$ cat start_39.cif   # mmCIF, C-alpha atoms
data_run
#
loop_
_atom_site.label_atom_id
_atom_site.label_comp_id
_atom_site.auth_asym_id
_atom_site.auth_seq_id
_atom_site.Cartn_x
_atom_site.Cartn_y
_atom_site.Cartn_z
CA GLY A 250 -32.22 -135.93 -85.26
CA GLN A 251 -34.48 -138.90 -84.68
CA ASN A 252 -37.90 -139.41 -86.21
CA ILE A 253 -39.96 -142.36 -85.02
CA ASP A 254 -43.60 -142.69 -86.07
CA GLN A 255 -46.28 -145.04 -84.82
CA PRO A 256 -50.09 -144.76 -84.77
CA THR A 257 -51.61 -143.01 -81.79
CA GLU A 258 -54.42 -145.45 -81.07
CA MET A 259 -55.73 -148.87 -82.11
CA THR A 260 -58.75 -150.85 -81.00
CA ALA A 261 -59.27 -154.58 -81.37
CA THR A 262 -61.49 -157.36 -80.08
CA GLU A 263 -60.49 -159.95 -77.51
CA GLY A 264 -59.01 -163.01 -79.28
CA ALA A 265 -58.11 -161.05 -82.41
CA ILE A 266 -54.73 -160.02 -83.85
CA VAL A 267 -53.36 -156.47 -83.93
CA GLN A 268 -50.30 -155.19 -85.79
CA ILE A 269 -48.61 -151.99 -84.60
CA ASN A 270 -46.35 -150.40 -87.19
CA CYS A 271 -43.31 -148.26 -86.50
CA THR A 272 -41.26 -146.34 -89.05
CA TYR A 273 -38.03 -144.61 -88.19
CA GLN A 274 -35.35 -142.31 -89.54
CA THR A 275 -32.39 -142.11 -87.17
CA SER A 276 -28.71 -141.18 -87.18
CA GLY A 277 -27.22 -144.64 -86.92
CA PHE A 278 -28.97 -147.87 -86.00
CA ASN A 279 -28.05 -150.40 -83.33
CA GLY A 280 -31.31 -152.19 -82.75
CA LEU A 281 -35.03 -151.65 -82.26
CA PHE A 282 -36.94 -152.30 -79.06
CA TRP A 283 -40.61 -152.65 -78.18
CA TYR A 284 -41.85 -151.85 -74.70
CA GLN A 285 -45.27 -152.26 -73.11
CA GLN A 286 -46.57 -149.64 -70.69
CA HIS A 287 -49.79 -150.02 -68.71
CA ALA A 288 -51.45 -146.80 -67.57
CA GLY A 289 -49.66 -145.31 -64.57
CA GLU A 290 -46.87 -147.86 -64.66
CA ALA A 291 -43.30 -148.12 -65.92
CA PRO A 292 -42.45 -149.42 -69.40
CA THR A 293 -41.45 -153.08 -69.52
CA PHE A 294 -39.29 -154.71 -72.19
CA LEU A 295 -41.06 -156.85 -74.80
CA SER A 296 -38.71 -157.51 -77.71
CA TYR A 297 -35.49 -156.60 -79.48
CA ASN A 298 -34.55 -156.79 -83.17
CA VAL A 299 -31.16 -155.94 -84.62
CA LEU A 300 -31.24 -158.12 -87.77
CA ASP A 301 -33.93 -158.24 -90.44
CA GLY A 302 -36.70 -160.73 -89.87
CA LEU A 303 -39.24 -161.94 -87.39
CA GLU A 304 -38.64 -162.60 -83.69
CA GLU A 305 -41.38 -164.62 -82.01
CA LYS A 306 -41.97 -164.74 -78.27
CA GLY A 307 -45.21 -166.44 -77.30
CA ARG A 308 -48.22 -164.36 -78.37
CA PHE A 309 -45.98 -161.44 -79.34
CA SER A 310 -43.82 -161.19 -82.47
CA SER A 311 -41.68 -158.35 -83.75
CA PHE A 312 -40.45 -157.78 -87.30
CA LEU A 313 -37.67 -155.55 -88.62
CA SER A 314 -36.67 -154.33 -92.07
CA ARG A 315 -33.60 -152.12 -91.78
CA SER A 316 -33.58 -151.13 -95.46
CA LYS A 317 -37.15 -149.81 -95.13
CA GLY A 318 -36.72 -148.30 -91.66
CA TYR A 319 -39.75 -150.31 -90.58
CA SER A 320 -40.82 -152.55 -87.75
CA TYR A 321 -44.06 -153.99 -86.48
CA LEU A 322 -45.23 -155.61 -83.27
CA LEU A 323 -47.83 -158.34 -83.72
CA LEU A 324 -50.07 -159.22 -80.81
CA LYS A 325 -51.99 -162.47 -81.24
CA GLU A 326 -54.91 -163.96 -79.29
CA LEU A 327 -55.55 -160.60 -77.67
CA GLN A 328 -56.48 -160.56 -74.01
CA MET A 329 -57.99 -157.75 -71.96
CA LYS A 330 -54.70 -157.39 -70.09
CA ASP A 331 -53.01 -156.45 -73.38
CA SER A 332 -54.73 -153.05 -73.22
CA ALA A 333 -51.72 -150.76 -72.82
CA SER A 334 -49.41 -148.40 -74.68
CA TYR A 335 -46.76 -149.96 -76.89
CA LEU A 336 -43.57 -148.00 -77.37
CA CYS A 337 -41.21 -148.37 -80.31
CA ALA A 338 -37.62 -147.34 -79.52
CA VAL A 339 -34.55 -147.18 -81.75
CA ARG A 340 -31.00 -147.40 -80.43
CA ASP A 341 -28.83 -144.98 -82.37
CA GLY A 342 -25.15 -144.94 -83.24
CA ASP A 343 -24.29 -143.69 -79.75
CA TYR A 344 -26.26 -146.54 -78.18
CA LYS A 345 -28.92 -144.24 -76.77
CA LEU A 346 -32.64 -144.98 -77.15
CA SER A 347 -35.07 -142.69 -78.93
CA PHE A 348 -38.74 -143.47 -78.34
CA GLY A 349 -41.82 -143.00 -80.45
CA ALA A 350 -44.85 -141.38 -78.81
CA GLY A 351 -46.47 -144.77 -78.26
CA THR A 352 -49.57 -146.58 -79.54
CA THR A 353 -52.47 -147.04 -77.14
CA VAL A 354 -54.16 -150.38 -77.76
CA THR A 355 -57.64 -150.92 -76.38
CA VAL A 356 -58.95 -154.48 -76.29
CA ARG A 357 -62.73 -154.81 -76.23
CA ALA A 358 -64.73 -157.85 -75.16
CA THR B 273 -35.47 -158.10 -55.52
CA ALA B 274 -36.02 -154.33 -55.57
CA GLY B 275 -34.59 -153.64 -59.04
CA ILE B 276 -34.87 -149.88 -59.50
CA THR B 277 -36.47 -147.60 -56.95
CA GLN B 278 -37.36 -143.94 -57.32
CA ALA B 279 -38.30 -141.36 -54.73
CA PRO B 280 -40.52 -139.53 -54.21
CA THR B 281 -43.51 -141.15 -55.93
CA SER B 282 -45.02 -137.75 -56.54
CA GLN B 283 -44.27 -134.16 -55.64
CA ILE B 284 -45.81 -130.72 -56.01
CA LEU B 285 -43.13 -128.04 -56.22
CA ALA B 286 -43.29 -124.25 -56.32
CA ALA B 287 -41.62 -122.64 -59.31
CA GLY B 288 -38.11 -121.46 -58.50
CA ARG B 289 -37.50 -124.13 -55.88
CA SER B 290 -34.86 -126.84 -56.26
CA MET B 291 -35.59 -130.55 -56.15
CA THR B 292 -33.61 -133.78 -56.36
CA LEU B 293 -35.25 -136.92 -57.70
CA ARG B 294 -33.61 -140.05 -56.37
CA CYS B 295 -32.92 -143.25 -58.27
CA THR B 296 -31.24 -146.38 -56.90
CA GLN B 297 -30.68 -149.76 -58.54
CA ASP B 298 -29.42 -152.96 -56.99
CA MET B 299 -28.66 -154.88 -60.18
CA ARG B 300 -25.07 -153.61 -60.46
CA HIS B 301 -25.90 -152.17 -63.87
CA ASN B 302 -23.26 -149.93 -65.40
CA ALA B 303 -25.57 -147.69 -67.43
CA MET B 304 -28.32 -145.46 -66.04
CA TYR B 305 -30.70 -143.01 -67.65
CA TRP B 306 -33.24 -140.30 -66.83
CA TYR B 307 -36.26 -139.75 -69.06
CA ARG B 308 -39.29 -137.51 -68.91
CA GLN B 309 -42.61 -138.62 -70.34
CA ASP B 310 -45.16 -136.10 -71.55
CA LEU B 311 -48.49 -136.81 -73.22
CA GLY B 312 -48.11 -137.07 -76.98
CA LEU B 313 -44.32 -136.78 -76.88
CA GLY B 314 -43.25 -140.12 -75.52
CA LEU B 315 -40.14 -140.71 -73.46
CA ARG B 316 -37.31 -138.21 -73.93
CA LEU B 317 -33.79 -138.73 -72.62
CA ILE B 318 -32.58 -136.04 -70.21
CA HIS B 319 -29.17 -137.32 -69.07
CA TYR B 320 -27.39 -140.64 -69.01
CA SER B 321 -24.38 -142.33 -67.46
CA ASN B 322 -22.56 -145.24 -69.11
CA THR B 323 -20.55 -145.99 -65.97
CA ALA B 324 -19.90 -144.59 -62.50
CA GLY B 325 -18.03 -141.29 -62.69
CA THR B 326 -19.25 -140.35 -66.18
CA THR B 327 -22.39 -138.58 -67.39
CA GLY B 328 -23.71 -137.31 -70.71
CA LYS B 329 -26.45 -135.07 -72.05
CA GLY B 330 -29.52 -136.47 -73.73
CA GLU B 331 -32.14 -134.84 -75.90
CA VAL B 332 -33.57 -132.40 -73.30
CA PRO B 333 -30.86 -131.64 -70.68
CA ASP B 334 -31.51 -127.93 -70.06
CA GLY B 335 -32.57 -127.15 -66.49
CA TYR B 336 -31.40 -130.54 -65.16
CA SER B 337 -28.15 -131.89 -63.74
CA VAL B 338 -27.02 -135.36 -62.68
CA SER B 339 -24.17 -137.02 -60.86
CA ARG B 340 -22.96 -140.63 -60.70
CA ALA B 341 -20.75 -140.99 -57.65
CA ASN B 342 -21.24 -144.77 -57.47
CA THR B 343 -22.79 -147.62 -59.46
CA ASP B 344 -26.11 -147.74 -57.63
CA ASP B 345 -27.30 -144.12 -57.42
CA PHE B 346 -28.15 -141.60 -60.14
CA PRO B 347 -29.90 -138.50 -58.74
CA LEU B 348 -31.50 -135.89 -60.99
CA THR B 349 -31.53 -132.28 -59.78
CA LEU B 350 -33.71 -129.39 -60.89
CA ALA B 351 -31.86 -126.28 -59.71
CA SER B 352 -34.75 -123.83 -60.21
CA ALA B 353 -37.96 -125.55 -61.28
CA VAL B 354 -40.23 -124.09 -63.97
CA PRO B 355 -43.81 -125.15 -64.86
CA SER B 356 -42.63 -126.71 -68.15
CA GLN B 357 -40.78 -129.30 -66.05
CA THR B 358 -44.12 -130.74 -64.94
CA SER B 359 -43.89 -134.32 -66.13
CA VAL B 360 -43.48 -137.96 -65.16
CA TYR B 361 -39.81 -138.80 -64.67
CA PHE B 362 -38.50 -142.32 -65.20
CA CYS B 363 -35.10 -143.63 -64.23
CA ALA B 364 -33.79 -146.67 -66.09
CA SER B 365 -30.72 -148.87 -66.03
CA SER B 366 -29.08 -151.48 -68.24
CA GLY B 367 -26.15 -153.84 -67.82
CA THR B 368 -24.36 -152.02 -70.59
CA SER B 369 -25.52 -149.66 -73.33
CA TYR B 370 -25.97 -152.83 -75.44
CA ASN B 371 -28.64 -154.32 -73.22
CA GLU B 372 -32.35 -153.64 -72.76
CA GLN B 373 -33.25 -151.00 -70.21
CA PHE B 374 -35.21 -151.64 -67.02
CA PHE B 375 -37.38 -148.80 -65.75
CA GLY B 376 -38.19 -147.58 -62.26
CA PRO B 377 -41.78 -146.84 -61.20
CA GLY B 378 -41.54 -143.13 -62.00
CA THR B 379 -41.91 -139.82 -60.16
CA ARG B 380 -44.84 -137.56 -61.00
CA LEU B 381 -43.69 -133.94 -60.60
CA THR B 382 -45.96 -130.93 -60.76
CA VAL B 383 -44.38 -127.45 -60.80
CA LEU B 384 -46.77 -124.62 -59.99
#
$ encode --input "start_39.cif" --output "structure tokens"
Amino acid sequence: GQNIDQPTEMTATEGAIVQINCTYQTSGFNGLFWYQQHAGEAPTFLSYNVLDGLEEKGRFSSFLSRSKGYSYLLLKELQMKDSASYLCAVRDGDYKLSFGAGTTVTVRA
Amino acid sequence: TAGITQAPTSQILAAGRSMTLRCTQDMRHNAMYWYRQDLGLGLRLIHYSNTAGTTGKGEVPDGYSVSRANTDDFPLTLASAVPSQTSVYFCASSGTSYNEQFFGPGTRLTVL
């Protein structure tokens, strides 16, 4: 089975940095994805890691350590529009995605 | 560009009735997926299709069936709805199983 853990909620101030951690134990590994989901909307793709290390894309960065079963999503220069749920998803050996329950980030002025 | 569309947007259904949720994509993606999203549980895969003519079971397939007669359409059918199937249903597609998935806007289903 798949086990993907991430914190339920995080709160941060506008302009600050927030790091969302994700740990996983899955049967096979073929990449880790982060999605953003605003309330009442569909998830949208943010980042993808398949090799160890940091992937940077503007204000968002994602890190992966396969040996530790660990990833984080780093959100820099937080804006009010970044208030959303962030979903960690692992692609298993059969190339299907398993999602964590999501982390709700609230950005305060 | 439409991307992925789902219908209906929302539905209230009496227990025991059947219902088909529609999903259509215009990106010529080979792979399509159905998920349900429940509070505190995240997205769970119901069924998937890697290419037209093939389907597979996901994590929570019981009570649901799918078909993939062509590339664009991937309907999800509830043969006899039960209250535990109350959820938000998302359809998604990807070019192949290697690519990131794109999600439709969702269908909010309430079974009473």
$ residues_near_point --input "start_39.cif" --point "(-54.6, -146.5, -65.7)" --cutoff "12 Å" --atoms "all atoms listed in the file" --output "PyMOL selection string"
chain A and resi 286-291+330+332-334+353+355
$ write_last_selection --input "start_39.cif" --atoms "C-alpha atoms" --output "short mmCIF file (atom, residue, chain, number, x, y, z; two decimals), in the coordinates of the input"
data_model
loop_
_atom_site.label_atom_id
_atom_site.label_comp_id
_atom_site.auth_asym_id
_atom_site.auth_seq_id
_atom_site.Cartn_x
_atom_site.Cartn_y
_atom_site.Cartn_z
CA GLN A 286 -46.57 -149.64 -70.69
CA HIS A 287 -49.79 -150.02 -68.71
CA ALA A 288 -51.45 -146.80 -67.57
CA GLY A 289 -49.66 -145.31 -64.57
CA GLU A 290 -46.87 -147.86 -64.66
CA ALA A 291 -43.30 -148.12 -65.92
CA LYS A 330 -54.70 -157.39 -70.09
CA SER A 332 -54.73 -153.05 -73.22
CA ALA A 333 -51.72 -150.76 -72.82
CA SER A 334 -49.41 -148.40 -74.68
CA THR A 353 -52.47 -147.04 -77.14
CA THR A 355 -57.64 -150.92 -76.38
#
$ resolve_selection --input "start_39.cif" --expression "the PyMOL selection byres ((chain A) within 10 of (chain B))" --output "number ranges by chain"
A: 250-251, 257, 279-280, 282-284, 289-297, 336-338, 340, 343-352
$ atom_distance --input "start_39.cif" --atom1 "CA of Pro256 in chain A" --atom2 "CA of Ser320 in chain A"
12.5 Å
$ resolve_selection --input "start_39.cif" --expression "the PyMOL selection byres ((chain A and resi 329) around 9)" --output "PyMOL selection string"
chain A and resi 262-263+327-328+330-332+355-358
$ atom_distance --input "start_39.cif" --atom1 "CA of Asn298 in chain A" --atom2 "CA of Thr327 in chain B"
27.0 Å
$ residues_around --input "start_39.cif" --residues "Ser310 in chain A" --least-positions-apart "3" --cutoff "12 Å" --atoms "all atoms listed in the file" --output "list of chain:residue names"
A:Ile266, A:Val267, A:Gln268, A:Ile269, A:Phe282, A:Trp283, A:Leu295, A:Ser296, A:Tyr297, A:Asn298, A:Gly302, A:Leu303, A:Glu304, A:Glu305, A:Lys306, A:Gly307, A:Leu313, A:Ser320, A:Tyr321, A:Leu322, A:Leu323, A:Leu324, A:Lys325, A:Glu326
$ resolve_selection --input "start_39.cif" --expression "the PyMOL selection byres ((chain B and resi 289-304) around 8)" --output "PyMOL selection string"
chain B and resi 274-280+285-288+305-306+320-324+343-353+363-369+376+379
$ atom_distance --input "start_39.cif" --atom1 "CA of Gly325 in chain B" --atom2 "CA of Ser356 in chain B"
29.1 Å
$ closest_residue --input "start_39.cif" --among "B:Gly328, B:Val354, B:Tyr307, B:Gly335" --to "Thr382 in chain B" --atoms "only C-alpha atoms"
B:Val354
$ axis_aligned_box --input "start_39.cif" --around "range 339-357 of chain B" --padding-each-side "8 Å" --output "JSON"
{"center_x": -32.3, "center_y": -135.8, "center_z": -62.8, "size_x": 39.1, "size_y": 39.9, "size_z": 26.7}
$ decode --input "start_39.cif" --residues "range 287-319 of chain A" --atoms "N, CA, C and O atoms" --output "compact mmCIF listing (two decimals), in the first residue's frame"
# COMPACT_ATOMS: atom_id res chain seq x y z
N HIS A 287 -6.89 25.47 -5.15
CA HIS A 287 -7.66 26.50 -4.48
C HIS A 287 -9.03 25.94 -4.14
O HIS A 287 -9.54 25.03 -4.81
N ALA A 288 -9.63 26.48 -3.08
CA ALA A 288 -10.92 25.98 -2.59
C ALA A 288 -11.95 25.97 -3.71
O ALA A 288 -12.15 26.97 -4.40
N GLY A 289 -12.60 24.83 -3.90
CA GLY A 289 -13.65 24.70 -4.89
C GLY A 289 -13.18 24.56 -6.33
O GLY A 289 -13.99 24.58 -7.25
N GLU A 290 -11.87 24.42 -6.49
CA GLU A 290 -11.32 24.32 -7.85
C GLU A 290 -10.58 23.00 -8.04
O GLU A 290 -10.41 22.22 -7.12
N ALA A 291 -10.13 22.77 -9.27
CA ALA A 291 -9.38 21.57 -9.60
C ALA A 291 -7.91 21.73 -9.21
O ALA A 291 -7.39 22.85 -9.19
N PRO A 292 -7.22 20.64 -8.91
CA PRO A 292 -5.78 20.72 -8.69
C PRO A 292 -5.06 21.14 -9.96
O PRO A 292 -5.46 20.76 -11.07
N THR A 293 -3.99 21.92 -9.80
CA THR A 293 -3.16 22.30 -10.94
C THR A 293 -1.71 21.93 -10.65
O THR A 293 -1.23 22.06 -9.52
N PHE A 294 -1.01 21.48 -11.66
CA PHE A 294 0.36 20.99 -11.53
C PHE A 294 1.32 22.11 -11.16
O PHE A 294 1.29 23.19 -11.73
N LEU A 295 2.19 21.83 -10.17
CA LEU A 295 3.21 22.79 -9.77
C LEU A 295 4.62 22.32 -10.13
O LEU A 295 5.39 23.07 -10.72
N SER A 296 4.96 21.08 -9.72
CA SER A 296 6.35 20.65 -9.91
C SER A 296 6.44 19.14 -9.95
O SER A 296 5.51 18.43 -9.53
N TYR A 297 7.58 18.67 -10.44
CA TYR A 297 7.85 17.24 -10.59
C TYR A 297 9.31 16.98 -10.28
O TYR A 297 10.20 17.68 -10.78
N ASN A 298 9.57 15.99 -9.42
CA ASN A 298 10.94 15.56 -9.12
C ASN A 298 11.02 14.05 -9.32
O ASN A 298 10.16 13.32 -8.82
N VAL A 299 12.05 13.61 -10.02
CA VAL A 299 12.29 12.16 -10.13
C VAL A 299 13.70 11.82 -9.65
O VAL A 299 13.95 10.71 -9.21
N LEU A 300 14.61 12.81 -9.71
CA LEU A 300 15.98 12.63 -9.19
C LEU A 300 16.15 13.45 -7.93
O LEU A 300 15.44 14.43 -7.70
N ASP A 301 17.12 13.05 -7.10
CA ASP A 301 17.40 13.79 -5.87
C ASP A 301 17.84 15.22 -6.18
O ASP A 301 18.54 15.46 -7.16
N GLY A 302 17.43 16.14 -5.33
CA GLY A 302 17.88 17.51 -5.49
C GLY A 302 16.74 18.49 -5.54
O GLY A 302 15.58 18.16 -5.28
N LEU A 303 17.11 19.71 -5.85
CA LEU A 303 16.19 20.84 -5.82
C LEU A 303 15.81 21.26 -7.23
O LEU A 303 16.67 21.42 -8.09
N GLU A 304 14.50 21.43 -7.45
CA GLU A 304 13.99 21.98 -8.71
C GLU A 304 13.38 23.34 -8.39
O GLU A 304 12.50 23.44 -7.55
N GLU A 305 13.85 24.39 -9.07
CA GLU A 305 13.35 25.73 -8.79
C GLU A 305 12.53 26.23 -9.97
O GLU A 305 12.94 26.10 -11.13
N LYS A 306 11.39 26.83 -9.64
CA LYS A 306 10.51 27.37 -10.67
C LYS A 306 9.89 28.65 -10.11
O LYS A 306 8.86 28.63 -9.46
N GLY A 307 10.58 29.76 -10.36
CA GLY A 307 10.08 31.04 -9.86
C GLY A 307 10.08 31.09 -8.35
O GLY A 307 11.09 30.78 -7.69
N ARG A 308 8.95 31.43 -7.74
CA ARG A 308 8.87 31.52 -6.28
C ARG A 308 8.74 30.16 -5.62
O ARG A 308 8.84 30.04 -4.40
N PHE A 309 8.49 29.12 -6.41
CA PHE A 309 8.29 27.78 -5.87
C PHE A 309 9.51 26.90 -6.15
O PHE A 309 10.06 26.93 -7.26
N SER A 310 9.90 26.11 -5.17
CA SER A 310 10.97 25.13 -5.35
C SER A 310 10.52 23.82 -4.74
O SER A 310 9.77 23.81 -3.75
N SER A 311 10.98 22.71 -5.29
CA SER A 311 10.66 21.41 -4.73
C SER A 311 11.93 20.59 -4.61
O SER A 311 12.77 20.61 -5.51
N PHE A 312 12.05 19.88 -3.49
CA PHE A 312 13.23 19.08 -3.18
C PHE A 312 12.83 17.63 -3.01
O PHE A 312 11.74 17.32 -2.51
N LEU A 313 13.72 16.73 -3.40
CA LEU A 313 13.47 15.29 -3.25
C LEU A 313 14.71 14.59 -2.72
O LEU A 313 15.84 14.84 -3.20
N SER A 314 14.50 13.69 -1.74
CA SER A 314 15.51 12.74 -1.31
C SER A 314 14.88 11.36 -1.37
O SER A 314 14.04 11.01 -0.53
N ARG A 315 15.25 10.58 -2.36
CA ARG A 315 14.65 9.25 -2.53
C ARG A 315 15.05 8.29 -1.42
O ARG A 315 14.25 7.49 -0.96
N SER A 316 16.30 8.39 -0.96
CA SER A 316 16.76 7.47 0.08
C SER A 316 16.02 7.71 1.39
O SER A 316 15.82 6.77 2.17
N LYS A 317 15.57 8.93 1.64
CA LYS A 317 14.85 9.26 2.86
C LYS A 317 13.33 9.23 2.67
O LYS A 317 12.58 9.39 3.63
N GLY A 318 12.86 9.03 1.44
CA GLY A 318 11.42 9.07 1.20
C GLY A 318 10.84 10.41 1.60
O GLY A 318 9.81 10.48 2.28
N TYR A 319 11.47 11.48 1.16
CA TYR A 319 11.16 12.82 1.67
C TYR A 319 11.20 13.84 0.57
O TYR A 319 12.08 13.82 -0.31
